[in-house]
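> Provided below: model_21.pdb, containing PDB, C-alpha atoms, pLDDT in the B column.
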ATOM      1  CA  MET E   1      -2.913   3.335  -7.772  1.00 49.00           C
ATOM      2  CA  ASN E   2      -5.184   0.729  -6.304  1.00 61.00           C
ATOM      3  CA  ARG E   3      -2.961  -1.746  -4.507  1.00 61.00           C
ATOM      4  CA  ASP E   4      -5.930  -4.074  -3.882  1.00 67.00           C
ATOM      5  CA  ILE E   5      -6.216  -4.620  -7.628  1.00 65.00           C
ATOM      6  CA  LEU E   6      -2.502  -5.267  -7.855  1.00 62.00           C
ATOM      7  CA  GLN E   7      -2.758  -7.902  -5.147  1.00 62.00           C
ATOM      8  CA  GLY E   8      -5.333  -9.637  -7.340  1.00 69.00           C
ATOM      9  CA  LYS E   9      -2.788  -9.663 -10.162  1.00 81.00           C
ATOM     10  CA  TRP E  10      -0.001 -10.977  -7.965  1.00 82.00           C
ATOM     11  CA  ARG E  11       1.688 -13.271 -10.492  1.00 82.00           C
ATOM     12  CA  GLU E  12       2.260 -10.506 -13.013  1.00 85.00           C
ATOM     13  CA  LEU E  13       3.236  -8.058 -10.301  1.00 86.00           C
ATOM     14  CA  ARG E  14       5.671 -10.575  -8.831  1.00 88.00           C
ATOM     15  CA  GLY E  15       7.509 -10.811 -12.138  1.00 89.00           C
ATOM     16  CA  ARG E  16       7.771  -7.041 -12.360  1.00 92.00           C
ATOM     17  CA  LEU E  17       9.060  -6.862  -8.791  1.00 92.00           C
ATOM     18  CA  ARG E  18      11.812  -9.380  -9.575  1.00 92.00           C
ATOM     19  CA  SER E  19      12.740  -7.452 -12.721  1.00 94.00           C
ATOM     20  CA  ARG E  20      12.965  -4.180 -10.805  1.00 95.00           C
ATOM     21  CA  TRP E  21      14.586  -5.452  -7.603  1.00 94.00           C
ATOM     22  CA  GLY E  22      16.667  -8.526  -8.398  1.00 95.00           C
ATOM     23  CA  ARG E  23      17.902  -8.820  -4.816  1.00 95.00           C
ATOM     24  CA  LEU E  24      14.425  -9.795  -3.656  1.00 94.00           C
ATOM     25  CA  THR E  25      14.277 -13.560  -3.253  1.00 93.00           C
ATOM     26  CA  ASN E  26      11.355 -15.849  -3.981  1.00 91.00           C
ATOM     27  CA  HIS E  27      11.001 -16.221  -0.217  1.00 93.00           C
ATOM     28  CA  ASP E  28      10.785 -12.425   0.138  1.00 93.00           C
ATOM     29  CA  LEU E  29       8.062 -12.298  -2.492  1.00 91.00           C
ATOM     30  CA  ASP E  30       6.194 -15.193  -0.880  1.00 89.00           C
ATOM     31  CA  ARG E  31       6.153 -13.197   2.361  1.00 89.00           C
ATOM     32  CA  LEU E  32       4.913 -10.097   0.508  1.00 87.00           C
ATOM     33  CA  GLU E  33       1.951 -11.850  -1.098  1.00 81.00           C
ATOM     34  CA  GLY E  34      -1.144 -10.166   0.226  1.00 68.00           C
ATOM     35  CA  HIS E  35       0.947  -7.561   2.061  1.00 81.00           C
ATOM     36  CA  ILE E  36       2.161  -5.211  -0.655  1.00 79.00           C
ATOM     37  CA  GLU E  37       2.453  -2.393   1.877  1.00 82.00           C
ATOM     38  CA  GLN E  38       5.525  -4.169   3.301  1.00 91.00           C
ATOM     39  CA  LEU E  39       7.502  -3.684   0.094  1.00 92.00           C
ATOM     40  CA  ASP E  40       8.980  -0.363   1.296  1.00 93.00           C
ATOM     41  CA  GLY E  41      10.662  -2.022   4.264  1.00 94.00           C
ATOM     42  CA  LEU E  42      11.871  -4.983   2.271  1.00 95.00           C
ATOM     43  CA  VAL E  43      13.451  -2.775  -0.408  1.00 95.00           C
ATOM     44  CA  GLN E  44      14.975  -0.641   2.331  1.00 95.00           C
ATOM     45  CA  GLN E  45      16.473  -3.723   3.973  1.00 95.00           C
ATOM     46  CA  ARG E  46      17.755  -5.480   0.828  1.00 95.00           C
ATOM     47  CA  TYR E  47      19.254  -2.363  -0.762  1.00 96.00           C
ATOM     48  CA  GLY E  48      20.401  -0.482   2.333  1.00 97.00           C
ATOM     49  CA  LEU E  49      18.316   2.577   1.475  1.00 96.00           C
ATOM     50  CA  ALA E  50      16.962   5.238   3.774  1.00 96.00           C
ATOM     51  CA  ARG E  51      13.253   4.792   4.510  1.00 94.00           C
ATOM     52  CA  GLU E  52      12.311   7.871   2.489  1.00 95.00           C
ATOM     53  CA  GLN E  53      14.297   6.697  -0.542  1.00 96.00           C
ATOM     54  CA  ALA E  54      12.742   3.213  -0.396  1.00 95.00           C
ATOM     55  CA  GLU E  55       9.255   4.754  -0.210  1.00 94.00           C
ATOM     56  CA  LYS E  56      10.048   7.030  -3.161  1.00 95.00           C
ATOM     57  CA  GLU E  57      11.293   4.117  -5.263  1.00 95.00           C
ATOM     58  CA  THR E  58       8.366   1.824  -4.477  1.00 92.00           C
ATOM     59  CA  LYS E  59       5.894   4.640  -5.221  1.00 92.00           C
ATOM     60  CA  ALA E  60       7.612   5.195  -8.579  1.00 94.00           C
ATOM     61  CA  PHE E  61       7.416   1.446  -9.228  1.00 92.00           C
ATOM     62  CA  PHE E  62       3.686   1.302  -8.514  1.00 87.00           C
ATOM     63  CA  ASP E  63       3.147   4.297 -10.786  1.00 90.00           C
ATOM     64  CA  THR E  64       4.608   2.178 -13.601  1.00 89.00           C
ATOM     65  CA  CYS E  65       2.049  -0.548 -12.852  1.00 83.00           C
ATOM     66  CA  GLU E  66      -0.937   1.608 -13.824  1.00 81.00           C
ATOM     67  CA  ASP E  67      -1.495  -0.612 -16.870  1.00 83.00           C
ATOM     68  CA  LEU E  68      -2.509  -3.458 -14.536  1.00 74.00           C
ATOM     69  CA  THR E  69      -5.316  -1.377 -13.061  1.00 66.00           C
ATOM     70  CA  GLU E  70      -6.369  -0.030 -16.471  1.00 66.00           C
ATOM     71  CA  ARG E  71      -6.880  -3.553 -17.773  1.00 50.00           C
ATOM     72  CA  HIS E  72      -8.896  -4.313 -14.658  1.00 45.00           C
ATOM     73  CA  ASP E  73     -11.130  -1.309 -15.306  1.00 46.00           C
ATOM     74  CA  LYS E  74     -11.730  -2.485 -18.888  1.00 47.00           C
ATOM     75  CA  ASP E  75     -12.777  -5.903 -17.589  1.00 47.00           C
ATOM     76  CA  GLN E  76     -15.516  -4.373 -15.448  1.00 48.00           C
ATOM     77  CA  PRO E  77     -18.995  -3.988 -16.953  1.00 48.00           C
ATOM     78  CA  ALA E  78     -19.965  -0.415 -17.711  1.00 45.00           C
ATOM     79  CA  ALA E  79     -22.328   1.267 -15.286  1.00 45.00           C
ATOM     80  CA  SER E  80     -25.843   1.571 -16.621  1.00 45.00           C
ATOM     81  CA  GLY E  81     -26.171   5.159 -15.508  1.00 48.00           C
ATOM     82  CA  GLY E  82     -29.321   4.329 -13.574  1.00 47.00           C
ATOM     83  CA  GLU E  83     -31.290   3.332 -16.651  1.00 47.00           C
ATOM     84  CA  GLU E  84     -32.941  -0.041 -16.676  1.00 47.00           C
ATOM     85  CA  THR E  85     -32.508  -2.110 -19.843  1.00 45.00           C
ATOM     86  CA  ARG E  86     -34.982  -4.735 -20.944  1.00 44.00           C
TER      87      ARG E  86
END
Would you kindly transcribe this structure into structure tokens?

Amino acid sequence: MNRDILQGKWRELRGRLRSRWGRLTNHDLDRLEGHIEQLDGLVQQRYGLAREQAEKETKAFFDTCEDLTERHDKDQPAASGGEETR
């Protein structure tokens, strides 16, 4: 999972985060913007989870967001394979 791509799709990701973790406030999500790696700690704090459990849950969440990166890949022009076209 490429978290850099997900940061570029923040609005869609934000909606999914709120659907998954309803205890996260808009303020929490505003603080996360651009710092997705902080989600583990925020989930741990809001839900009273052990660090390992929060990491497991956020990893599972990001695995469900693969469709965001797949659409990004489709938007990219195909590599020419080194051949020059005229």
> Assuming 8 Å of padding per side, give the centre and edge lengths of the axis-aligned box around every listed atom of range 31-35 of chain E, in Å to one decimal and as AutoDock Vina command-line options.

--center_x 2.5 --center_y -10.4 --center_z 0.6 --size_x 23.3 --size_y 21.6 --size_z 19.5
> If I take CA of Leu17 in chain E and CA of Leu49 in chain E, how far is one from the other in Å, to one decimal?
16.7 Å
> What do you get, as a count of residues only, if you spell out every residue that the PyMOL selection byres ((chain E and resi 18-21) around 12) selects here?
32
> Work out how far CA of Glu66 in chain E is from CA of Gly48 in chain E, in Å to one decimal.
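Separating CA of Gly48 in chain E from CA of Glu66 in chain E is a distance of 26.8 Å.
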> Could you please determine the separation between CA of Lys9 in chain E and CA of Glu52 in chain E in Å, to one decimal place?
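Those two atoms sit 26.4 Å apart.
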